[in-house]
Amino acid sequence: MKICFLLQRRFAYIGQEMAVLLKQKYEINDFCGYVFLRESYEYIKNQPSQFSRLLLDENIHRQYKKERVDWEYIKKLEKEYGLPNLWPYIELDRIIRSNQLVRAYPHDSPSYSHEEMARIIQVTAKAIIKFLDKEKPDVVIFSAIGAIGSLLLYNIAKKKNIKTLVIHNSRVGIKYNLSDNYKNFSYVNGIFKKLQANEISLPKHKAAALASLKKFQDNPKPNRSVDEPEFHPTNRKRHFSFLLPKKLSWSIYWRIKMIVRYILNPNRSDYSNINPFWEIWDNLKKKIRILIGLNNLYDDVKMKEDFALFPLHLDPEITTLLYAPFYKDQLWLVKQAAQSLPLNFKLYVKEHPAMAGCRKRYFYKELKKIPNVKLIRPGINNLPLIDQAKLIITISGTTGWEAVQLKKPVIVFSDIFYSQLPMVKKCTAIEDLPRLVKEQLNNFKHDESALVNFLTAIYKESIDIDLTQLWQVEGAGQIKTKRDHLLPLVNLIAKKSNLKSI
């Protein structure tokens, strides 16, 4: 068997150690990888050989300048892999479409023309098709799908009948599951359907699900510490703590180090590289926005009034770009949600804690023009608001999942993992929103049995692994020393790939 990994930036360190474990325990000796970020590519190349071939996204991207756009090829590509056209690939890619990631939000000005974007799609698709045809992997493992290359890899693999396994956070404790698609928890859904039809019984997993649900309902807390407002600087004091003597010296040292590193980097022209001078400039503008503040725009929470809660999403992020690309304009969507409510209702719009200082003041002033909208401080905890809200409206947020567990009506705009629950309504056409709002307010029926069955399926199909810590916090060296922490995930991949341990 041959396994291919999508090695998304820092996930490359994890992928490398997973390959080692698959080799040791399951005698898999053949790996290939599609890598994002040259630093990650160089790291894997310098490790004891696990991968027979690596395809670097930045190298592919460089070829577009020499490529002539072949519109007939583009049409053929669109027919074969369109969703139903090729724009979703471009709209998903924050760097290509908006020059973000390399520039900080709210910067939104593409560096590429329409024809250049077509050429980028063309060279990337050609490279991936050639790569898969030559390597012929049996399985492709995905960490996160957030760019032209990763979405093409996924859909081309699907068309070639190559097994795809996507790693998903189960949103229950530190549990993760695998799915054969990026939209939902496919294996969890299979178990859920059988439980709903009374075809199977999982008493051990059901007991764990009931205990987990009771614990959350009795004492609601965010699933991850990074989801708590306290984790993020949401006020001036915390945003300007870097000016304290000890932190200031470290901050200056770090900036100088990044500038020197950038200047000496022979590959600084890579399209994904962050120019530290732009980073300093964008960060300065963010600090100015924080300094000015929004105190005169925030509203007080009145728990006893009738309100619906609309939590804003982190921007830019795959929760909107991938799962709900036609609803990513949150200002527009808030306006639609506000006019879909009964006249006596307020719409509480709460900023994501990680976005404090990121959006321009104009965005919030536009929100305040909507008569029934209240702007809520990002430092306020979501859960008390959920508990008192009459309705939760979210594009694809975790807030919706928390609300479902607290027996609240929810409307979503995407195929998020919990959208299949019978008490959750998905809006597929904006003109249906007022009707869905009325239905959820007047006729909502919480289905505790379905929720327990869904949680039972999650417990059955998930493993415990603190992947967030390993992925986002630990360095390459630390991950290597904690390789065994990845074993539950490796065993789950082996199980879904029908591998037998030695």
# chains A, B, ... in the order shown; residues from 1 in each chain; ligands from 1
>>> residues_around(residues="stretch 209-226 of chain A", least_positions_apart="3", cutoff="8 Å", atoms="only C-alpha atoms", output="list in words")
Arg171, Val172, Gly173, His205, Lys206, Pro229, Phe231, His232, Leu383, Gln405, Leu406, Val452, Leu455, Thr456 and Tyr459 of chain A
>>> write_last_selection(atoms="all heavy atoms", output="compact mmCIF listing (two decimals), in the first residue's frame")
# COMPACT_ATOMS: atom_id res chain seq x y z
N ARG A 171 -15.16 17.96 18.12
CA ARG A 171 -15.80 18.99 18.95
C ARG A 171 -16.39 18.40 20.24
O ARG A 171 -17.38 18.88 20.77
CB ARG A 171 -16.90 19.73 18.17
CG ARG A 171 -16.39 20.54 16.99
CD ARG A 171 -15.46 21.65 17.44
NE ARG A 171 -15.18 22.61 16.41
CZ ARG A 171 -14.20 22.51 15.52
NH1 ARG A 171 -13.40 21.46 15.56
NH2 ARG A 171 -13.99 23.45 14.61
N VAL A 172 -15.77 17.33 20.71
CA VAL A 172 -16.10 16.72 22.00
C VAL A 172 -14.78 16.40 22.69
O VAL A 172 -14.05 15.52 22.24
CB VAL A 172 -16.95 15.43 21.85
CG1 VAL A 172 -17.21 14.82 23.22
CG2 VAL A 172 -18.25 15.71 21.12
N GLY A 173 -14.46 17.11 23.75
CA GLY A 173 -13.20 16.87 24.43
C GLY A 173 -12.03 17.01 23.47
O GLY A 173 -11.95 17.95 22.68
N HIS A 205 -20.65 3.18 24.53
CA HIS A 205 -20.45 4.50 23.93
C HIS A 205 -21.62 5.43 24.25
O HIS A 205 -21.43 6.64 24.41
CB HIS A 205 -20.26 4.37 22.42
CG HIS A 205 -19.05 3.58 22.03
ND1 HIS A 205 -19.11 2.26 21.68
CD2 HIS A 205 -17.73 3.94 21.98
CE1 HIS A 205 -17.90 1.82 21.40
NE2 HIS A 205 -17.05 2.81 21.59
N LYS A 206 -22.82 4.84 24.37
CA LYS A 206 -23.99 5.66 24.72
C LYS A 206 -23.84 6.19 26.15
O LYS A 206 -24.18 7.36 26.42
CB LYS A 206 -25.27 4.85 24.58
CG LYS A 206 -26.53 5.67 24.86
CD LYS A 206 -27.79 4.87 24.59
CE LYS A 206 -29.03 5.74 24.84
NZ LYS A 206 -30.29 4.99 24.53
N PRO A 229 -13.04 33.47 25.44
CA PRO A 229 -12.61 34.87 25.23
C PRO A 229 -11.34 35.22 25.99
O PRO A 229 -10.52 36.00 25.51
CB PRO A 229 -13.82 35.66 25.77
CG PRO A 229 -14.98 34.75 25.64
CD PRO A 229 -14.44 33.37 25.89
N PHE A 231 -8.76 33.60 26.35
CA PHE A 231 -7.56 33.14 25.65
C PHE A 231 -7.01 34.21 24.72
O PHE A 231 -5.84 34.21 24.37
CB PHE A 231 -7.89 31.87 24.86
CG PHE A 231 -6.70 31.21 24.21
CD1 PHE A 231 -5.91 30.32 24.92
CD2 PHE A 231 -6.37 31.48 22.88
CE1 PHE A 231 -4.82 29.71 24.33
CE2 PHE A 231 -5.28 30.87 22.28
CZ PHE A 231 -4.50 29.99 23.02
N HIS A 232 -7.87 35.15 24.29
CA HIS A 232 -7.49 36.15 23.30
C HIS A 232 -7.45 37.55 23.92
O HIS A 232 -8.27 37.87 24.79
CB HIS A 232 -8.50 36.16 22.14
CG HIS A 232 -8.65 34.83 21.48
ND1 HIS A 232 -7.80 34.39 20.50
CD2 HIS A 232 -9.57 33.85 21.67
CE1 HIS A 232 -8.19 33.18 20.09
NE2 HIS A 232 -9.25 32.83 20.79
N LEU A 383 -21.59 31.33 25.98
CA LEU A 383 -22.51 30.34 26.53
C LEU A 383 -23.69 30.94 27.30
O LEU A 383 -24.83 30.48 27.13
CB LEU A 383 -21.74 29.33 27.37
CG LEU A 383 -20.86 28.41 26.48
CD1 LEU A 383 -19.81 27.71 27.30
CD2 LEU A 383 -21.73 27.40 25.75
N GLN A 405 -26.65 21.34 21.93
CA GLN A 405 -26.53 20.58 23.19
C GLN A 405 -27.29 21.25 24.33
O GLN A 405 -27.68 20.59 25.30
CB GLN A 405 -25.06 20.42 23.55
CG GLN A 405 -24.28 19.56 22.55
CD GLN A 405 -22.81 19.50 22.88
OE1 GLN A 405 -22.38 18.72 23.72
NE2 GLN A 405 -22.02 20.34 22.22
N LEU A 406 -27.50 22.57 24.21
CA LEU A 406 -28.27 23.30 25.22
C LEU A 406 -29.74 23.43 24.84
O LEU A 406 -30.47 24.25 25.39
CB LEU A 406 -27.65 24.68 25.44
CG LEU A 406 -26.25 24.67 26.08
CD1 LEU A 406 -25.66 26.07 26.12
CD2 LEU A 406 -26.28 24.05 27.47
N VAL A 452 -28.28 12.32 21.44
CA VAL A 452 -27.53 11.28 22.14
C VAL A 452 -26.99 10.25 21.15
O VAL A 452 -25.85 9.80 21.27
CB VAL A 452 -28.42 10.59 23.21
CG1 VAL A 452 -27.73 9.35 23.78
CG2 VAL A 452 -28.75 11.57 24.32
N LEU A 455 -23.96 11.82 19.43
CA LEU A 455 -22.81 11.81 20.33
C LEU A 455 -22.27 10.39 20.52
O LEU A 455 -21.06 10.18 20.60
CB LEU A 455 -23.19 12.42 21.68
CG LEU A 455 -23.17 13.94 21.76
CD1 LEU A 455 -23.89 14.42 23.01
CD2 LEU A 455 -21.74 14.47 21.74
N THR A 456 -23.18 9.43 20.58
CA THR A 456 -22.76 8.02 20.68
C THR A 456 -21.93 7.61 19.48
O THR A 456 -20.88 6.96 19.60
CB THR A 456 -24.00 7.11 20.81
OG1 THR A 456 -24.74 7.47 21.96
CG2 THR A 456 -23.58 5.65 20.92
N TYR A 459 -18.50 9.12 19.78
CA TYR A 459 -17.67 8.35 20.70
C TYR A 459 -17.20 7.03 20.07
O TYR A 459 -16.08 6.59 20.31
CB TYR A 459 -18.42 8.09 22.00
CG TYR A 459 -18.18 9.16 23.04
CD1 TYR A 459 -18.95 10.33 23.03
CD2 TYR A 459 -17.18 9.03 23.99
CE1 TYR A 459 -18.73 11.33 23.96
CE2 TYR A 459 -16.96 10.03 24.93
CZ TYR A 459 -17.73 11.18 24.91
OH TYR A 459 -17.49 12.19 25.83
>>> residues_around(residues="A:Ser109", least_positions_apart="3", cutoff="10 Å", atoms="only C-alpha atoms", output="PyMOL selection string")
chain A and resi 95-100+103+106+112
>>> select_by_dssp(residues="stretch 276-401 of chain A", states="helix (DSSP H, G or I)", output="mmCIF file with N, CA and C atoms, in the first residue's frame")
data_model
loop_
_atom_site.group_PDB
_atom_site.id
_atom_site.type_symbol
_atom_site.label_atom_id
_atom_site.label_comp_id
_atom_site.auth_asym_id
_atom_site.auth_seq_id
_atom_site.Cartn_x
_atom_site.Cartn_y
_atom_site.Cartn_z
ATOM 1 N N PRO A 276 8.091 40.708 6.441
ATOM 2 C CA PRO A 276 7.994 41.245 7.809
ATOM 3 C C PRO A 276 7.706 42.741 7.859
ATOM 4 N N PHE A 277 8.100 43.468 6.803
ATOM 5 C CA PHE A 277 7.826 44.912 6.790
ATOM 6 C C PHE A 277 6.325 45.168 6.650
ATOM 7 N N TRP A 278 5.665 44.377 5.780
ATOM 8 C CA TRP A 278 4.213 44.482 5.667
ATOM 9 C C TRP A 278 3.542 44.029 6.959
ATOM 10 N N GLU A 279 4.093 42.987 7.588
ATOM 11 C CA GLU A 279 3.528 42.489 8.831
ATOM 12 C C GLU A 279 3.569 43.563 9.920
ATOM 13 N N ILE A 280 4.685 44.271 10.006
ATOM 14 C CA ILE A 280 4.822 45.347 10.997
ATOM 15 C C ILE A 280 3.803 46.448 10.707
ATOM 16 N N TRP A 281 3.670 46.805 9.426
ATOM 17 C CA TRP A 281 2.729 47.844 9.020
ATOM 18 C C TRP A 281 1.283 47.452 9.342
ATOM 19 N N ASP A 282 0.913 46.213 8.994
ATOM 20 C CA ASP A 282 -0.446 45.740 9.260
ATOM 21 C C ASP A 282 -0.717 45.642 10.755
ATOM 22 N N ASN A 283 0.293 45.225 11.507
ATOM 23 C CA ASN A 283 0.132 45.111 12.952
ATOM 24 C C ASN A 283 -0.005 46.493 13.599
ATOM 25 N N LEU A 284 0.723 47.473 13.055
ATOM 26 C CA LEU A 284 0.622 48.843 13.560
ATOM 27 C C LEU A 284 -0.794 49.377 13.357
ATOM 28 N N LYS A 285 -1.371 49.126 12.193
ATOM 29 C CA LYS A 285 -2.739 49.580 11.920
ATOM 30 C C LYS A 285 -3.743 48.898 12.857
ATOM 31 N N LYS A 286 -3.492 47.625 13.153
ATOM 32 C CA LYS A 286 -4.358 46.907 14.084
ATOM 33 C C LYS A 286 -4.285 47.540 15.480
ATOM 34 N N LYS A 287 -3.068 47.886 15.907
ATOM 35 C CA LYS A 287 -2.906 48.500 17.227
ATOM 36 C C LYS A 287 -3.611 49.865 17.290
ATOM 37 N N ILE A 288 -3.581 50.584 16.183
ATOM 38 C CA ILE A 288 -4.269 51.886 16.138
ATOM 39 C C ILE A 288 -5.773 51.680 16.261
ATOM 40 N N ARG A 289 -6.298 50.646 15.584
ATOM 41 C CA ARG A 289 -7.731 50.354 15.682
ATOM 42 C C ARG A 289 -8.106 49.990 17.122
ATOM 43 N N ILE A 290 -7.236 49.224 17.782
ATOM 44 C CA ILE A 290 -7.475 48.864 19.181
ATOM 45 C C ILE A 290 -7.433 50.107 20.068
ATOM 46 N N LEU A 291 -6.464 50.996 19.782
ATOM 47 C CA LEU A 291 -6.296 52.208 20.586
ATOM 48 C C LEU A 291 -7.533 53.101 20.483
ATOM 49 N N ILE A 292 -8.046 53.230 19.278
ATOM 50 C CA ILE A 292 -9.263 54.029 19.082
ATOM 51 C C ILE A 292 -10.451 53.356 19.767
ATOM 52 N N ILE A 318 -11.617 28.619 6.724
ATOM 53 C CA ILE A 318 -12.298 27.634 5.891
ATOM 54 C C ILE A 318 -13.748 27.416 6.325
ATOM 55 N N THR A 319 -14.098 27.806 7.563
ATOM 56 C CA THR A 319 -15.483 27.646 8.001
ATOM 57 C C THR A 319 -16.457 28.409 7.111
ATOM 58 N N THR A 320 -15.984 29.480 6.502
ATOM 59 C CA THR A 320 -16.829 30.195 5.536
ATOM 60 C C THR A 320 -16.333 29.957 4.104
ATOM 61 N N LEU A 321 -15.048 30.060 3.868
ATOM 62 C CA LEU A 321 -14.509 29.970 2.508
ATOM 63 C C LEU A 321 -14.754 28.612 1.865
ATOM 64 N N PRO A 325 -19.158 29.272 0.943
ATOM 65 C CA PRO A 325 -18.533 30.366 0.194
ATOM 66 C C PRO A 325 -19.478 31.469 -0.257
ATOM 67 N N PHE A 326 -20.755 31.157 -0.406
ATOM 68 C CA PHE A 326 -21.703 32.174 -0.866
ATOM 69 C C PHE A 326 -22.299 32.977 0.293
ATOM 70 N N TYR A 327 -21.876 32.637 1.515
ATOM 71 C CA TYR A 327 -22.345 33.373 2.688
ATOM 72 C C TYR A 327 -21.183 33.956 3.485
ATOM 73 N N GLN A 330 -20.223 38.490 5.808
ATOM 74 C CA GLN A 330 -20.986 38.429 7.057
ATOM 75 C C GLN A 330 -21.810 39.685 7.306
ATOM 76 N N LEU A 331 -21.338 40.820 6.830
ATOM 77 C CA LEU A 331 -22.113 42.053 6.978
ATOM 78 C C LEU A 331 -23.433 41.933 6.234
ATOM 79 N N TRP A 332 -23.370 41.444 5.016
ATOM 80 C CA TRP A 332 -24.584 41.239 4.213
ATOM 81 C C TRP A 332 -25.508 40.229 4.883
ATOM 82 N N LEU A 333 -24.935 39.154 5.418
ATOM 83 C CA LEU A 333 -25.752 38.104 6.006
ATOM 84 C C LEU A 333 -26.420 38.569 7.297
ATOM 85 N N VAL A 334 -25.721 39.392 8.076
ATOM 86 C CA VAL A 334 -26.345 39.952 9.283
ATOM 87 C C VAL A 334 -27.571 40.773 8.905
ATOM 88 N N LYS A 335 -27.466 41.552 7.836
ATOM 89 C CA LYS A 335 -28.606 42.358 7.390
ATOM 90 C C LYS A 335 -29.796 41.472 7.024
ATOM 91 N N GLN A 336 -29.516 40.338 6.358
ATOM 92 C CA GLN A 336 -30.599 39.425 5.985
ATOM 93 C C GLN A 336 -31.209 38.774 7.220
ATOM 94 N N ALA A 337 -30.338 38.401 8.171
ATOM 95 C CA ALA A 337 -30.833 37.767 9.400
ATOM 96 C C ALA A 337 -31.681 38.744 10.214
ATOM 97 N N ALA A 338 -31.241 39.994 10.289
ATOM 98 C CA ALA A 338 -31.946 41.003 11.088
ATOM 99 C C ALA A 338 -33.360 41.242 10.575
ATOM 100 N N PRO A 353 -13.639 36.526 19.414
ATOM 101 C CA PRO A 353 -12.561 37.090 20.246
ATOM 102 C C PRO A 353 -11.240 37.266 19.508
ATOM 103 N N ALA A 354 -10.933 36.352 18.587
ATOM 104 C CA ALA A 354 -9.663 36.437 17.866
ATOM 105 C C ALA A 354 -9.646 37.570 16.836
ATOM 106 N N MET A 355 -10.818 38.169 16.563
ATOM 107 C CA MET A 355 -10.899 39.228 15.556
ATOM 108 C C MET A 355 -10.857 40.620 16.169
ATOM 109 N N ARG A 361 -13.348 49.928 11.482
ATOM 110 C CA ARG A 361 -14.462 50.536 12.210
ATOM 111 C C ARG A 361 -15.699 50.640 11.322
ATOM 112 N N TYR A 362 -15.490 50.833 10.031
ATOM 113 C CA TYR A 362 -16.594 50.932 9.070
ATOM 114 C C TYR A 362 -17.528 49.732 9.178
ATOM 115 N N PHE A 363 -16.953 48.529 9.337
ATOM 116 C CA PHE A 363 -17.746 47.304 9.412
ATOM 117 C C PHE A 363 -18.763 47.398 10.549
ATOM 118 N N TYR A 364 -18.301 47.805 11.714
ATOM 119 C CA TYR A 364 -19.176 47.878 12.892
ATOM 120 C C TYR A 364 -20.180 49.035 12.778
ATOM 121 N N LYS A 365 -19.763 50.130 12.161
ATOM 122 C CA LYS A 365 -20.681 51.252 11.980
ATOM 123 C C LYS A 365 -21.825 50.864 11.042
ATOM 124 N N GLU A 366 -21.510 50.040 10.052
ATOM 125 C CA GLU A 366 -22.557 49.542 9.156
ATOM 126 C C GLU A 366 -23.517 48.632 9.911
ATOM 127 N N LEU A 367 -22.970 47.797 10.800
ATOM 128 C CA LEU A 367 -23.831 46.943 11.618
ATOM 129 C C LEU A 367 -24.785 47.785 12.461
ATOM 130 N N LYS A 368 -24.237 48.869 13.006
ATOM 131 C CA LYS A 368 -25.040 49.706 13.898
ATOM 132 C C LYS A 368 -26.143 50.471 13.161
ATOM 133 N N ASN A 382 -19.796 33.372 25.168
ATOM 134 C CA ASN A 382 -20.930 32.997 24.321
ATOM 135 C C ASN A 382 -22.002 32.218 25.058
ATOM 136 N N LEU A 383 -21.590 31.335 25.982
ATOM 137 C CA LEU A 383 -22.514 30.342 26.528
ATOM 138 C C LEU A 383 -23.687 30.939 27.300
ATOM 139 N N PRO A 384 -23.487 31.965 28.142
ATOM 140 C CA PRO A 384 -24.667 32.588 28.772
ATOM 141 C C PRO A 384 -25.604 33.225 27.749
ATOM 142 N N LEU A 385 -25.040 33.749 26.669
ATOM 143 C CA LEU A 385 -25.874 34.329 25.606
ATOM 144 C C LEU A 385 -26.687 33.245 24.910
ATOM 145 N N ILE A 386 -26.035 32.107 24.640
ATOM 146 C CA ILE A 386 -26.737 30.977 24.017
ATOM 147 C C ILE A 386 -27.892 30.537 24.904
ATOM 148 N N ASP A 387 -27.623 30.463 26.207
ATOM 149 C CA ASP A 387 -28.621 29.973 27.156
ATOM 150 C C ASP A 387 -29.874 30.843 27.154
ATOM 151 N N GLN A 388 -29.707 32.149 26.955
ATOM 152 C CA GLN A 388 -30.844 33.074 27.013
ATOM 153 C C GLN A 388 -31.426 33.402 25.636
ATOM 154 N N THR A 398 -19.032 26.669 15.751
ATOM 155 C CA THR A 398 -19.129 25.783 16.903
ATOM 156 C C THR A 398 -20.221 26.245 17.857
ATOM 157 N N THR A 399 -20.547 27.550 17.822
ATOM 158 C CA THR A 399 -21.636 28.071 18.650
ATOM 159 C C THR A 399 -22.934 27.319 18.385
ATOM 160 N N GLY A 400 -23.155 26.950 17.145
ATOM 161 C CA GLY A 400 -24.352 26.185 16.796
ATOM 162 C C GLY A 400 -24.362 24.820 17.462
ATOM 163 N N TRP A 401 -23.214 24.179 17.508
ATOM 164 C CA TRP A 401 -23.097 22.859 18.142
ATOM 165 C C TRP A 401 -23.327 22.974 19.648
#
>>> residues_around(residues="A:Ile191", least_positions_apart="6", cutoff="10 Å", atoms="only C-alpha atoms", output="PyMOL selection string")
chain A and resi 197+199-202+453-454+456-458+460-461
>>> write_last_selection(atoms="C-alpha atoms", output="PDB file, in the first residue's frame")
ATOM      1  CA  ALA A 197     -32.989   3.118  12.764  1.00  0.00           C
ATOM      2  CA  GLU A 199     -30.184  -1.384  13.756  1.00  0.00           C
ATOM      3  CA  ILE A 200     -27.354  -1.382  16.304  1.00  0.00           C
ATOM      4  CA  SER A 201     -26.862  -0.739  20.009  1.00  0.00           C
ATOM      5  CA  LEU A 202     -23.698   0.702  21.557  1.00  0.00           C
ATOM      6  CA  ASN A 453     -27.321   8.953  19.141  1.00  0.00           C
ATOM      7  CA  PHE A 454     -25.112  11.440  17.315  1.00  0.00           C
ATOM      8  CA  THR A 456     -22.756   8.024  20.684  1.00  0.00           C
ATOM      9  CA  ALA A 457     -21.631   7.731  17.075  1.00  0.00           C
ATOM     10  CA  ILE A 458     -18.928  10.335  17.710  1.00  0.00           C
ATOM     11  CA  LYS A 460     -17.701   5.147  18.627  1.00  0.00           C
ATOM     12  CA  GLU A 461     -15.757   6.637  15.719  1.00  0.00           C
TER      13      GLU A 461
END
>>> closest_residue(among="A:Leu297, A:Leu195, A:Ile74, A:Val188", to="A:Ser449", atoms="only C-alpha atoms")
A:Leu195
>>> residues_around(residues="A:Phe413", least_positions_apart="3", cutoff="8 Å", atoms="only C-alpha atoms", output="ChimeraX atom specification")
/A:324,327,394-396,426-428
>>> write_last_selection(atoms="N, CA, C and O atoms", output="CSV table (one decimal), in the first residue's frame")
chain,number,residue,atom,x,y,z
A,324,ALA,N,-19.2,27.4,3.3
A,324,ALA,CA,-20.3,28.3,2.9
A,324,ALA,C,-19.8,29.5,2.1
A,324,ALA,O,-19.9,30.6,2.5
A,327,TYR,N,-21.9,32.6,1.5
A,327,TYR,CA,-22.3,33.4,2.7
A,327,TYR,C,-21.2,34.0,3.5
A,327,TYR,O,-21.3,34.2,4.7
A,394,THR,N,-26.0,30.9,12.7
A,394,THR,CA,-24.6,30.8,12.5
A,394,THR,C,-24.3,30.2,11.1
A,394,THR,O,-25.1,29.4,10.6
A,395,ILE,N,-23.2,30.7,10.5
A,395,ILE,CA,-22.9,30.1,9.2
A,395,ILE,C,-22.5,28.7,9.3
A,395,ILE,O,-23.1,27.8,8.7
A,396,SER,N,-21.5,28.4,10.1
A,396,SER,CA,-21.0,27.0,10.3
A,396,SER,C,-20.2,26.9,11.6
A,396,SER,O,-19.3,26.1,11.7
A,426,LYS,N,-31.1,24.1,7.9
A,426,LYS,CA,-30.1,24.6,7.0
A,426,LYS,C,-30.8,25.5,6.0
A,426,LYS,O,-31.8,25.1,5.3
A,427,CYS,N,-30.3,26.8,5.9
A,427,CYS,CA,-30.8,27.7,4.9
A,427,CYS,C,-30.0,27.6,3.6
A,427,CYS,O,-28.8,27.8,3.6
A,428,THR,N,-30.7,27.1,2.6
A,428,THR,CA,-30.0,27.0,1.3
A,428,THR,C,-30.4,28.1,0.3
A,428,THR,O,-29.7,28.2,-0.7
>>> select_by_dssp(residues="stretch 1-240 of chain A", states="strand (DSSP E)", output="ChimeraX atom specification")
/A:2-8,30-36,51-56,139-142,163-169,175-179
>>> residues_around(residues="A:Arg435", least_positions_apart="3", cutoff="12 Å", atoms="only C-alpha atoms", output="number ranges by chain")
A: 337, 339-342, 411, 425-427, 429-432, 438-443
>>> closest_residue(among="A:Ser186, A:Thr124, A:Asn46, A:Asn296", to="A:Tyr418", atoms="only C-alpha atoms")
A:Ser186
>>> closest_residue(among="A:Ala389, A:Ile44, A:Phe345, A:Arg359", to="A:Pro371", atoms="only C-alpha atoms")
A:Phe345
>>> atom_distance(atom1="atom CA of A:Ala356", atom2="atom CA of A:Lys369")
20.1 Å
>>> residues_around(residues="A:Arg38", least_positions_apart="2", cutoff="10 Å", atoms="only C-alpha atoms", output="PyMOL selection string")
chain A and resi 9+35-36+40-44+56-59+267-268+270+272-273
>>> closest_residue(among="A:Phe142, A:Phe185, A:Tyr348, A:Tyr89", to="A:Thr164", atoms="only C-alpha atoms")
A:Phe142
>>> residues_around(residues="stretch 127-133 of chain A", least_positions_apart="6", cutoff="12 Å", atoms="only C-alpha atoms", output="PyMOL selection string")
chain A and resi 2-6+32-35+52-64+77+80-81+120-121+139-140+148-162
>>> decode(residues="stretch 357-369 of chain A", atoms="N, CA, C and O atoms", output="tab-separated table (two decimals), in the first residue's frame")
chain	number	residue	atom	x	y	z
A	357	GLY	N	-9.85	44.01	16.97
A	357	GLY	CA	-8.88	44.90	16.35
A	357	GLY	C	-8.60	44.62	14.89
A	357	GLY	O	-7.85	45.37	14.26
A	358	CYS	N	-9.18	43.57	14.36
A	358	CYS	CA	-8.88	43.19	12.98
A	358	CYS	C	-9.76	43.91	11.95
A	358	CYS	O	-9.27	44.36	10.92
A	359	ARG	N	-11.05	43.99	12.23
A	359	ARG	CA	-11.95	44.61	11.27
A	359	ARG	C	-11.89	46.13	11.37
A	359	ARG	O	-11.64	46.69	12.44
A	360	LYS	N	-12.16	46.77	10.25
A	360	LYS	CA	-12.21	48.23	10.23
A	360	LYS	C	-13.45	48.73	10.96
A	360	LYS	O	-14.47	48.04	11.04
A	361	ARG	N	-13.35	49.93	11.48
A	361	ARG	CA	-14.46	50.54	12.21
A	361	ARG	C	-15.70	50.64	11.32
A	361	ARG	O	-16.83	50.54	11.81
A	362	TYR	N	-15.49	50.83	10.03
A	362	TYR	CA	-16.59	50.93	9.07
A	362	TYR	C	-17.53	49.73	9.18
A	362	TYR	O	-18.76	49.88	9.11
A	363	PHE	N	-16.95	48.53	9.34
A	363	PHE	CA	-17.75	47.30	9.41
A	363	PHE	C	-18.76	47.40	10.55
A	363	PHE	O	-19.96	47.13	10.38
A	364	TYR	N	-18.30	47.80	11.71
A	364	TYR	CA	-19.18	47.88	12.89
A	364	TYR	C	-20.18	49.03	12.78
A	364	TYR	O	-21.32	48.91	13.24
A	365	LYS	N	-19.76	50.13	12.16
A	365	LYS	CA	-20.68	51.25	11.98
A	365	LYS	C	-21.83	50.86	11.04
A	365	LYS	O	-22.97	51.30	11.22
A	366	GLU	N	-21.51	50.04	10.05
A	366	GLU	CA	-22.56	49.54	9.16
A	366	GLU	C	-23.52	48.63	9.91
A	366	GLU	O	-24.74	48.67	9.67
A	367	LEU	N	-22.97	47.80	10.80
A	367	LEU	CA	-23.83	46.94	11.62
A	367	LEU	C	-24.79	47.79	12.46
A	367	LEU	O	-25.96	47.46	12.61
A	368	LYS	N	-24.24	48.87	13.01
A	368	LYS	CA	-25.04	49.71	13.90
A	368	LYS	C	-26.14	50.47	13.16
A	368	LYS	O	-27.06	50.98	13.80
A	369	LYS	N	-26.06	50.53	11.86
A	369	LYS	CA	-27.12	51.18	11.09
A	369	LYS	C	-28.38	50.33	11.02
A	369	LYS	O	-29.45	50.82	10.66
